[in-house]
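**Q** Sharing a structure, written as structure tokens. Questions coming.
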Amino acid sequence: MIFKNATIITMNPRREIIMQGAVAISGKHIVAVGKTRDVLAEFPGKKQIDCNGNVLLPGLIDTHVHTAQAMIRGCADDLGLIDWLFKRVWVLQGSYSYEDGRASAALCMLEMIKSGTTAFLECMLAERYGFDGVAETVLQSGMKAAIGKIVMDTPSYAESEMKMYPGMVEDGETSIRNTLAAYDKWEGAGDGRLQVWFGPRTPGGVTPSLYDEISALARERNMGITIHNSEVKEDLSYARSQGCRSAVDFIGQHGLLGPRTVLAHVVWTDAEDWRVMAETGTHVTHNPASNAKTATGIAPVQGMLASGVNVALGCDGGPSNNTYDLIRDMRLVSYLANLKAEDPTVVPAESVLEMATINGAKALGWEKQTGSLEVGKHADMILINMDAPHLTPAPDPVSTIVYAAHGTDVDTVVIDGQVVMQGRKVLTIDEGAILEEARRRYPEVAARGGLKIGPRWPVL
Ligand SMILES: [Zn+2]
């Protein structure tokens, strides 16, 4: 199959952009990338898809996703972080059944596909959402995912006196055992589309000895680990109360830094933390919309990039963003970094697109198979339809997409050579049924949690 006549943003090591370009795919692999006339001459008589007026680029990679939060989107707006978490998010999530977890994950994946995301890192899948249902949904959707299974043994958060909603509490032994069982069952499933990771809670939610155990078990199996780190100022004061210089230092002392670790948020850090992360190959997922909405701070992206840290991008969750549209969030990376530095040149559009593609692939350990359009890599790619007023003209397709595009501009999505969406119609999962199920299940979850959430203005 040949996708021809597109403007191709390859994200290859030379970052080449090909006008009137074509990509040929065979099975799940890319077999040619070049000028349309050259690719057609090399592969005559093959099925062709005309992409005139579209930009073809690698599928986006969302490195921080709470799939269970899609169905509680908009349920914790305009609240301080403690009320947000203790009175709404944990109450609702703690009222989920396995079927709710599966339905929310399907809703989340549908939204990601429809906005051009082809792979994601689920950071904290709790026991009660049902690992198997979520894994099955990933395989059915056609997406690629690393699923971080929650590990915890302490029902508190940093130095807060408040306790988690009972439905969210798990014990250390069970959460470790079930993570390893999920790893044995699902690692590598879907012809390598699925990875199983550890998704431990932040310092304060896990005892130091359990962190040591996670670190040893992950190293034995080369499993990934993803942890929220330095998201709020309290993470820093908690680490200092434990005798560490920072929250990054705290987890480093428990063996949790390294090339298979992705730290989420990473706001309250300094140059010494960036140096340690770069030296250990620890990855960062930057979550600009979530940090802005919950007012937890502007992450020092400019400093981390300059120190050589691999920084990727993530949407976070339904109550904290409130969407899983990575294209919508890309512009925020630059905007927030510019505001912080009072300088509009510090994190340019090119860096942002790297974070959303090739840097995300590195964070997931998948840089040999995805994140750029190159011969030998998997065909994970999206078409953005530029025939729209907000994308016209587009003198530089990179900055136009980063600063002006919406997720709804994505026309076609291909993952592992499979056309997952075409003409905005998702072909792998049933859009109508997923929306209908989420609408039906959400009020039942809220009722179980004793919450009734509606407009704050008078309703007639
Ligand atoms: Zn998160």
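Numbering starts fresh at 1 for the residues of each chain in the structure tokens, the chains themselves are lettered A, B, ... in the order given, and ligands are numbered from 1 as they appear.
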Please identify all polymer residues within 12 Å of Thr296 (chain A), counting only C-alpha atoms, omitting same-chain residues fewer than 2 positions from it, and present them as a list in words.

**A**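 So the residues in contact are Gly80, Leu81, Ile82, Asn229, Ser230, Glu231, Val232, Lys233, Glu234, Asp235, His265, Val266, Val267, Trp268, Asn287, Pro288, Ala289, Ser290, Asn291, Ala292, Lys293, Thr294, Ile298, Ala299 and Ser320 of chain A.
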
**Q** Determine, counting only C-alpha atoms, which protein, DNA and RNA residues have an atom within 9 Å of an atom of region 356-364 of chain A; residues of the same chain fewer than 5 positions away are not included. Present the result as a VMD selection string.

**A** chain A and resid 11 to 12 58 to 63 119 to 121 145 to 146 195 224 259 to 262 282 to 285 310 to 314 326 to 327 330 351 369 to 372

**Q** Please compute the CA of Thr400 (chain A)-CA of Val413 (chain A) distance, one decimal, in Å.

**A** 19.4 Å

**Q** Residues within 7 Å of ligand 1 should be enumerated using only C-alpha atoms and all ligand atoms and returned as a ChimeraX atom specification.

**A** /A:64-66,123,228,264,316-317

**Q** Rounded to one decimal in Å, what is the spacing between CA of Asn5 (chain A) and CA of Val419 (chain A)?

**A**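 Result for CA of Asn5 (chain A) versus CA of Val419 (chain A): 18.0 Å, one decimal.
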
**Q** Give me the residues near Gly423 (chain A) as a list of chain:residue names, where near means some atom within 10 Å (using only C-alpha atoms) and where sequence neighbours in that chain fewer than 4 positions away do not count.

**A**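 Those residues are A:Leu383, A:Asn385, A:Val410, A:Asp411, A:Thr412, A:Val413.
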
**Q** Can you pull out every residue from region 281-436 of chain A that DSSP, working from the backbone, puts in helix (DSSP H, G or I), and format the result as a ChimeraX atom specification?

**A** /A:288-293,301-306,326-341,349-356,358-363,389-391,397-404,407-409,431-436

**Q** So which one's closest to Ala404 (chain A), A:Arg331, A:Ser95, A:Lys425, A:Gly142? Using only C-alpha atoms, please.

**A**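 The closest residue to Ala404 (chain A) is A:Arg331.
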
**Q** Near Met109 (chain A), within 9 Å and counting only C-alpha atoms, which residues show up once chain neighbours fewer than 6 positions away are dropped, as a PDB file with N, CA and C atoms, in the first residue's frame?

**A**
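Result went into selection.pdb, see below:
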```pdb
ATOM      1  N   THR A  67      -6.457   5.841  31.877  1.00  0.00           N
ATOM      2  CA  THR A  67      -7.598   5.431  31.043  1.00  0.00           C
ATOM      3  C   THR A  67      -8.906   5.428  31.846  1.00  0.00           C
ATOM      4  N   THR A 117      -3.340   9.762  18.249  1.00  0.00           N
ATOM      5  CA  THR A 117      -2.409   9.039  19.122  1.00  0.00           C
ATOM      6  C   THR A 117      -2.443   7.557  18.764  1.00  0.00           C
ATOM      7  N   THR A 137      -9.038  -4.494  25.295  1.00  0.00           N
ATOM      8  CA  THR A 137      -9.482  -3.321  24.535  1.00  0.00           C
ATOM      9  C   THR A 137      -8.342  -2.716  23.727  1.00  0.00           C
ATOM     10  N   VAL A 138      -7.135  -2.710  24.301  1.00  0.00           N
ATOM     11  CA  VAL A 138      -5.970  -2.227  23.543  1.00  0.00           C
ATOM     12  C   VAL A 138      -5.813  -3.076  22.272  1.00  0.00           C
ATOM     13  N   SER A 141      -8.559  -2.388  19.749  1.00  0.00           N
ATOM     14  CA  SER A 141      -8.528  -1.045  19.160  1.00  0.00           C
ATOM     15  C   SER A 141      -7.462  -0.915  18.079  1.00  0.00           C
ATOM     16  N   MET A 143      -4.368  -0.204  18.945  1.00  0.00           N
ATOM     17  CA  MET A 143      -3.328   0.674  19.486  1.00  0.00           C
ATOM     18  C   MET A 143      -2.169  -0.122  20.084  1.00  0.00           C
ATOM     19  N   TYR A 324      -7.993  13.858  25.987  1.00  0.00           N
ATOM     20  CA  TYR A 324      -6.838  13.029  25.648  1.00  0.00           C
ATOM     21  C   TYR A 324      -6.367  13.372  24.234  1.00  0.00           C
TER      22      TYR A 324
END
```

**Q** Go through A:Ile113, A:Leu92, A:Ala106, A:Cys75 one by one, measure the shortest atom-to-atom distance of each to Met168 (chain A) using only C-alpha atoms, and give the residue with the smallest value.

**A**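 Checking each of A:Ile113, A:Leu92, A:Ala106, A:Cys75 against Met168 (chain A), counting only C-alpha atoms, the winner is A:Leu92.
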
**Q** Between CA of Phe198 (chain A) and CA of Thr226 (chain A), measure the distance and give it in Å to one decimal.

**A** 6.4 Å

**Q** Find the residues near region 435-451 of chain A: any atom within 7 Å, counting only C-alpha atoms, skip ones fewer than 4 places away on the same chain, and give them as a PDB file with all heavy atoms, in the first residue's frame.

**A**
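Generated file (out_35.pdb):
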```pdb
ATOM      1  N   MET A  71     -14.065   8.413  31.724  1.00  0.00           N
ATOM      2  CA  MET A  71     -15.504   8.394  32.007  1.00  0.00           C
ATOM      3  C   MET A  71     -15.883   9.342  33.157  1.00  0.00           C
ATOM      4  O   MET A  71     -17.072   9.530  33.436  1.00  0.00           O
ATOM      5  CB  MET A  71     -15.957   6.964  32.314  1.00  0.00           C
ATOM      6  CG  MET A  71     -17.377   6.676  31.886  1.00  0.00           C
ATOM      7  SD  MET A  71     -17.720   4.912  31.793  1.00  0.00           S
ATOM      8  CE  MET A  71     -17.742   4.437  33.511  1.00  0.00           C
ATOM      9  N   VAL A  91     -13.103   9.107  44.816  1.00  0.00           N
ATOM     10  CA  VAL A  91     -14.431   8.572  45.156  1.00  0.00           C
ATOM     11  C   VAL A  91     -15.039   7.900  43.916  1.00  0.00           C
ATOM     12  O   VAL A  91     -15.557   6.779  43.983  1.00  0.00           O
ATOM     13  CB  VAL A  91     -15.352   9.706  45.656  1.00  0.00           C
ATOM     14  CG1 VAL A  91     -16.763   9.181  45.888  1.00  0.00           C
ATOM     15  CG2 VAL A  91     -14.780  10.335  46.928  1.00  0.00           C
ATOM     16  N   LEU A  92     -14.931   8.574  42.775  1.00  0.00           N
ATOM     17  CA  LEU A  92     -15.522   8.032  41.549  1.00  0.00           C
ATOM     18  C   LEU A  92     -14.742   6.797  41.075  1.00  0.00           C
ATOM     19  O   LEU A  92     -15.325   5.749  40.797  1.00  0.00           O
ATOM     20  CB  LEU A  92     -15.556   9.107  40.462  1.00  0.00           C
ATOM     21  CG  LEU A  92     -16.557  10.241  40.736  1.00  0.00           C
ATOM     22  CD1 LEU A  92     -16.248  11.465  39.876  1.00  0.00           C
ATOM     23  CD2 LEU A  92     -17.989   9.772  40.505  1.00  0.00           C
ATOM     24  N   SER A  95     -15.294   3.704  42.905  1.00  0.00           N
ATOM     25  CA  SER A  95     -16.631   3.108  42.766  1.00  0.00           C
ATOM     26  C   SER A  95     -16.756   2.338  41.449  1.00  0.00           C
ATOM     27  O   SER A  95     -17.857   1.929  41.077  1.00  0.00           O
ATOM     28  CB  SER A  95     -17.703   4.211  42.831  1.00  0.00           C
ATOM     29  OG  SER A  95     -17.588   4.920  44.045  1.00  0.00           O
ATOM     30  N   TYR A  96     -15.642   2.183  40.730  1.00  0.00           N
ATOM     31  CA  TYR A  96     -15.675   1.466  39.447  1.00  0.00           C
ATOM     32  C   TYR A  96     -15.791  -0.043  39.650  1.00  0.00           C
ATOM     33  O   TYR A  96     -15.279  -0.606  40.611  1.00  0.00           O
ATOM     34  CB  TYR A  96     -14.359   1.723  38.682  1.00  0.00           C
ATOM     35  CG  TYR A  96     -14.386   2.906  37.739  1.00  0.00           C
ATOM     36  CD1 TYR A  96     -15.041   4.077  38.067  1.00  0.00           C
ATOM     37  CD2 TYR A  96     -13.732   2.840  36.509  1.00  0.00           C
ATOM     38  CE1 TYR A  96     -15.042   5.155  37.196  1.00  0.00           C
ATOM     39  CE2 TYR A  96     -13.723   3.916  35.633  1.00  0.00           C
ATOM     40  CZ  TYR A  96     -14.384   5.070  35.984  1.00  0.00           C
ATOM     41  OH  TYR A  96     -14.369   6.129  35.122  1.00  0.00           O
ATOM     42  N   ASP A 100     -16.797  -1.026  34.251  1.00  0.00           N
ATOM     43  CA  ASP A 100     -16.627   0.423  34.141  1.00  0.00           C
ATOM     44  C   ASP A 100     -15.208   0.742  33.678  1.00  0.00           C
ATOM     45  O   ASP A 100     -14.995   1.640  32.856  1.00  0.00           O
ATOM     46  CB  ASP A 100     -16.874   1.108  35.500  1.00  0.00           C
ATOM     47  CG  ASP A 100     -18.300   0.931  35.993  1.00  0.00           C
ATOM     48  OD1 ASP A 100     -19.227   0.967  35.163  1.00  0.00           O
ATOM     49  OD2 ASP A 100     -18.489   0.744  37.216  1.00  0.00           O
ATOM     50  N   ALA A 103     -14.982   0.025  30.012  1.00  0.00           N
ATOM     51  CA  ALA A 103     -15.737   1.006  29.217  1.00  0.00           C
ATOM     52  C   ALA A 103     -15.009   2.350  29.159  1.00  0.00           C
ATOM     53  O   ALA A 103     -14.960   3.014  28.115  1.00  0.00           O
ATOM     54  CB  ALA A 103     -17.141   1.186  29.806  1.00  0.00           C
ATOM     55  N   SER A 104     -14.423   2.762  30.273  1.00  0.00           N
ATOM     56  CA  SER A 104     -13.697   4.032  30.302  1.00  0.00           C
ATOM     57  C   SER A 104     -12.438   3.953  29.442  1.00  0.00           C
ATOM     58  O   SER A 104     -12.104   4.899  28.718  1.00  0.00           O
ATOM     59  CB  SER A 104     -13.315   4.396  31.750  1.00  0.00           C
ATOM     60  OG  SER A 104     -12.677   5.651  31.789  1.00  0.00           O
ATOM     61  N   LEU A 107     -13.443   4.290  25.841  1.00  0.00           N
ATOM     62  CA  LEU A 107     -13.753   5.692  25.539  1.00  0.00           C
ATOM     63  C   LEU A 107     -12.455   6.484  25.340  1.00  0.00           C
ATOM     64  O   LEU A 107     -12.320   7.284  24.402  1.00  0.00           O
ATOM     65  CB  LEU A 107     -14.568   6.276  26.699  1.00  0.00           C
ATOM     66  CG  LEU A 107     -14.974   7.739  26.613  1.00  0.00           C
ATOM     67  CD1 LEU A 107     -15.968   7.958  25.477  1.00  0.00           C
ATOM     68  CD2 LEU A 107     -15.595   8.201  27.953  1.00  0.00           C
ATOM     69  N   GLU A 431     -17.733   3.028  17.651  1.00  0.00           N
ATOM     70  CA  GLU A 431     -17.808   4.356  18.261  1.00  0.00           C
ATOM     71  C   GLU A 431     -19.130   4.579  18.999  1.00  0.00           C
ATOM     72  O   GLU A 431     -19.155   5.028  20.143  1.00  0.00           O
ATOM     73  CB  GLU A 431     -17.675   5.447  17.189  1.00  0.00           C
ATOM     74  CG  GLU A 431     -16.314   5.506  16.557  1.00  0.00           C
ATOM     75  CD  GLU A 431     -16.180   6.715  15.635  1.00  0.00           C
ATOM     76  OE1 GLU A 431     -16.499   7.832  16.073  1.00  0.00           O
ATOM     77  OE2 GLU A 431     -15.754   6.535  14.483  1.00  0.00           O
TER      78      GLU A 431
END
```

**Q** Can you list every residue in region 116-236 of chain A that DSSP puts in strand (DSSP E or B), as a ChimeraX atom specification?

**A** /A:117-125,144-151,194-200,225-229

**Q** Based on the selection just made, write N, CA and C atoms of those residues as a PDB file, in the first residue's frame.

**A**
```pdb
ATOM      1  N   THR A 117      -3.340   9.762  18.249  1.00  0.00           N
ATOM      2  CA  THR A 117      -2.409   9.039  19.122  1.00  0.00           C
ATOM      3  C   THR A 117      -2.443   7.557  18.764  1.00  0.00           C
ATOM      4  N   THR A 118      -1.249   6.983  18.585  1.00  0.00           N
ATOM      5  CA  THR A 118      -1.177   5.578  18.180  1.00  0.00           C
ATOM      6  C   THR A 118      -0.621   4.678  19.283  1.00  0.00           C
ATOM      7  N   ALA A 119       0.069   5.282  20.261  1.00  0.00           N
ATOM      8  CA  ALA A 119       0.619   4.489  21.378  1.00  0.00           C
ATOM      9  C   ALA A 119       0.520   5.314  22.649  1.00  0.00           C
ATOM     10  N   PHE A 120       0.376   4.622  23.787  1.00  0.00           N
ATOM     11  CA  PHE A 120       0.267   5.373  25.041  1.00  0.00           C
ATOM     12  C   PHE A 120       0.821   4.587  26.210  1.00  0.00           C
ATOM     13  N   LEU A 121       1.101   5.322  27.268  1.00  0.00           N
ATOM     14  CA  LEU A 121       1.534   4.731  28.537  1.00  0.00           C
ATOM     15  C   LEU A 121       0.454   4.994  29.576  1.00  0.00           C
ATOM     16  N   GLU A 122      -0.220   3.922  29.983  1.00  0.00           N
ATOM     17  CA  GLU A 122      -1.188   4.018  31.089  1.00  0.00           C
ATOM     18  C   GLU A 122      -0.376   3.982  32.376  1.00  0.00           C
ATOM     19  N   CYS A 123      -0.586   4.993  33.241  1.00  0.00           N
ATOM     20  CA  CYS A 123       0.369   5.138  34.344  1.00  0.00           C
ATOM     21  C   CYS A 123      -0.036   4.439  35.628  1.00  0.00           C
ATOM     22  N   MET A 124      -1.293   4.162  35.834  1.00  0.00           N
ATOM     23  CA  MET A 124      -1.727   3.673  37.159  1.00  0.00           C
ATOM     24  C   MET A 124      -3.007   2.869  37.065  1.00  0.00           C
ATOM     25  N   LEU A 125      -2.932   1.691  36.496  1.00  0.00           N
ATOM     26  CA  LEU A 125      -4.159   0.905  36.378  1.00  0.00           C
ATOM     27  C   LEU A 125      -4.428   0.189  37.698  1.00  0.00           C
ATOM     28  N   LYS A 144      -1.088   0.631  20.401  1.00  0.00           N
ATOM     29  CA  LYS A 144       0.042   0.081  21.149  1.00  0.00           C
ATOM     30  C   LYS A 144       0.013   0.707  22.538  1.00  0.00           C
ATOM     31  N   ALA A 145       0.335  -0.082  23.553  1.00  0.00           N
ATOM     32  CA  ALA A 145       0.283   0.491  24.900  1.00  0.00           C
ATOM     33  C   ALA A 145       1.248  -0.200  25.841  1.00  0.00           C
ATOM     34  N   ALA A 146       1.766   0.600  26.766  1.00  0.00           N
ATOM     35  CA  ALA A 146       2.433   0.065  27.943  1.00  0.00           C
ATOM     36  C   ALA A 146       1.481   0.354  29.091  1.00  0.00           C
ATOM     37  N   ILE A 147       1.112  -0.694  29.819  1.00  0.00           N
ATOM     38  CA  ILE A 147       0.138  -0.517  30.898  1.00  0.00           C
ATOM     39  C   ILE A 147       0.854  -0.640  32.235  1.00  0.00           C
ATOM     40  N   GLY A 148       0.905   0.457  32.953  1.00  0.00           N
ATOM     41  CA  GLY A 148       1.507   0.458  34.288  1.00  0.00           C
ATOM     42  C   GLY A 148       0.456   0.055  35.301  1.00  0.00           C
ATOM     43  N   LYS A 149       0.674  -1.082  35.944  1.00  0.00           N
ATOM     44  CA  LYS A 149      -0.275  -1.570  36.957  1.00  0.00           C
ATOM     45  C   LYS A 149       0.097  -0.925  38.294  1.00  0.00           C
ATOM     46  N   ILE A 150      -0.900  -0.401  38.963  1.00  0.00           N
ATOM     47  CA  ILE A 150      -0.627   0.314  40.214  1.00  0.00           C
ATOM     48  C   ILE A 150       0.004  -0.619  41.255  1.00  0.00           C
ATOM     49  N   VAL A 151       0.945  -0.076  41.998  1.00  0.00           N
ATOM     50  CA  VAL A 151       1.477  -0.767  43.166  1.00  0.00           C
ATOM     51  C   VAL A 151       1.455   0.237  44.310  1.00  0.00           C
ATOM     52  N   LEU A 194       1.731  -4.796  23.186  1.00  0.00           N
ATOM     53  CA  LEU A 194       1.429  -4.549  24.601  1.00  0.00           C
ATOM     54  C   LEU A 194       2.660  -4.775  25.484  1.00  0.00           C
ATOM     55  N   GLN A 195       2.898  -3.843  26.394  1.00  0.00           N
ATOM     56  CA  GLN A 195       3.906  -4.021  27.439  1.00  0.00           C
ATOM     57  C   GLN A 195       3.206  -3.889  28.793  1.00  0.00           C
ATOM     58  N   VAL A 196       3.727  -4.580  29.786  1.00  0.00           N
ATOM     59  CA  VAL A 196       3.197  -4.442  31.148  1.00  0.00           C
ATOM     60  C   VAL A 196       4.292  -3.833  32.026  1.00  0.00           C
ATOM     61  N   TRP A 197       3.964  -2.750  32.681  1.00  0.00           N
ATOM     62  CA  TRP A 197       4.916  -1.987  33.505  1.00  0.00           C
ATOM     63  C   TRP A 197       4.444  -1.955  34.956  1.00  0.00           C
ATOM     64  N   PHE A 198       5.352  -1.528  35.818  1.00  0.00           N
ATOM     65  CA  PHE A 198       4.984  -1.162  37.183  1.00  0.00           C
ATOM     66  C   PHE A 198       4.539   0.300  37.180  1.00  0.00           C
ATOM     67  N   GLY A 199       3.408   0.577  37.840  1.00  0.00           N
ATOM     68  CA  GLY A 199       2.936   1.960  37.963  1.00  0.00           C
ATOM     69  C   GLY A 199       2.742   2.336  39.421  1.00  0.00           C
ATOM     70  N   PRO A 200       3.833   2.310  40.216  1.00  0.00           N
ATOM     71  CA  PRO A 200       3.675   2.589  41.652  1.00  0.00           C
ATOM     72  C   PRO A 200       3.186   4.006  41.919  1.00  0.00           C
ATOM     73  N   ILE A 225       8.951   1.181  34.457  1.00  0.00           N
ATOM     74  CA  ILE A 225       8.366   1.724  35.695  1.00  0.00           C
ATOM     75  C   ILE A 225       7.947   3.156  35.395  1.00  0.00           C
ATOM     76  N   THR A 226       6.726   3.516  35.749  1.00  0.00           N
ATOM     77  CA  THR A 226       6.332   4.926  35.614  1.00  0.00           C
ATOM     78  C   THR A 226       5.760   5.427  36.935  1.00  0.00           C
ATOM     79  N   ILE A 227       6.199   6.609  37.354  1.00  0.00           N
ATOM     80  CA  ILE A 227       5.787   7.176  38.655  1.00  0.00           C
ATOM     81  C   ILE A 227       5.545   8.670  38.497  1.00  0.00           C
ATOM     82  N   HIS A 228       4.475   9.164  39.121  1.00  0.00           N
ATOM     83  CA  HIS A 228       4.319  10.607  39.266  1.00  0.00           C
ATOM     84  C   HIS A 228       5.452  11.094  40.164  1.00  0.00           C
ATOM     85  N   ASN A 229       6.143  12.152  39.771  1.00  0.00           N
ATOM     86  CA  ASN A 229       7.248  12.634  40.612  1.00  0.00           C
ATOM     87  C   ASN A 229       7.339  14.143  40.567  1.00  0.00           C
TER      88      ASN A 229
END
```

**Q** Determine the nearest neighbour of Leu40 (chain A) from the options A:Val23, A:Ile429, A:Ala76, A:Met421, counting only C-alpha atoms.

**A** A:Val23

**Q** When you count only C-alpha atoms, which of these residues is closest to Lys4 (chain A): A:Lys28, A:Pro44, A:Leu56, A:Val402?

**A**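 Result for the nearest residue to Lys4 (chain A): A:Leu56.
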
**Q** Which one of A:Met164, A:Met355, A:Ala6, A:Ile72 sits closest to Trp90 (chain A) if you count only C-alpha atoms?

**A**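 Under the stated criterion, the closest residue is A:Met164.
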
**Q** Which is closest to Arg328 (chain A) among A:Leu305, A:Ala68, A:Ile251, A:Met112, if we use only C-alpha atoms?

**A** A:Met112

**Q** Mind dumping a table of every region 31-129 of chain A residue within 10 Å of region 386-399 of chain A, with the nearest atom pair and its distance in Å to one decimal, using only C-alpha atoms, sorted by chain and rising number, as JSON lines?

**A**
```
{"residue": "A:Asn52", "atom": "CA", "partner": "A:Met386", "partner_atom": "CA", "distance": 9.5}
{"residue": "A:Gly53", "atom": "CA", "partner": "A:Met386", "partner_atom": "CA", "distance": 5.8}
{"residue": "A:Asn54", "atom": "CA", "partner": "A:Met386", "partner_atom": "CA", "distance": 5.5}
{"residue": "A:Val55", "atom": "CA", "partner": "A:Met386", "partner_atom": "CA", "distance": 7.0}
{"residue": "A:Leu57", "atom": "CA", "partner": "A:Val398", "partner_atom": "CA", "distance": 9.9}
```
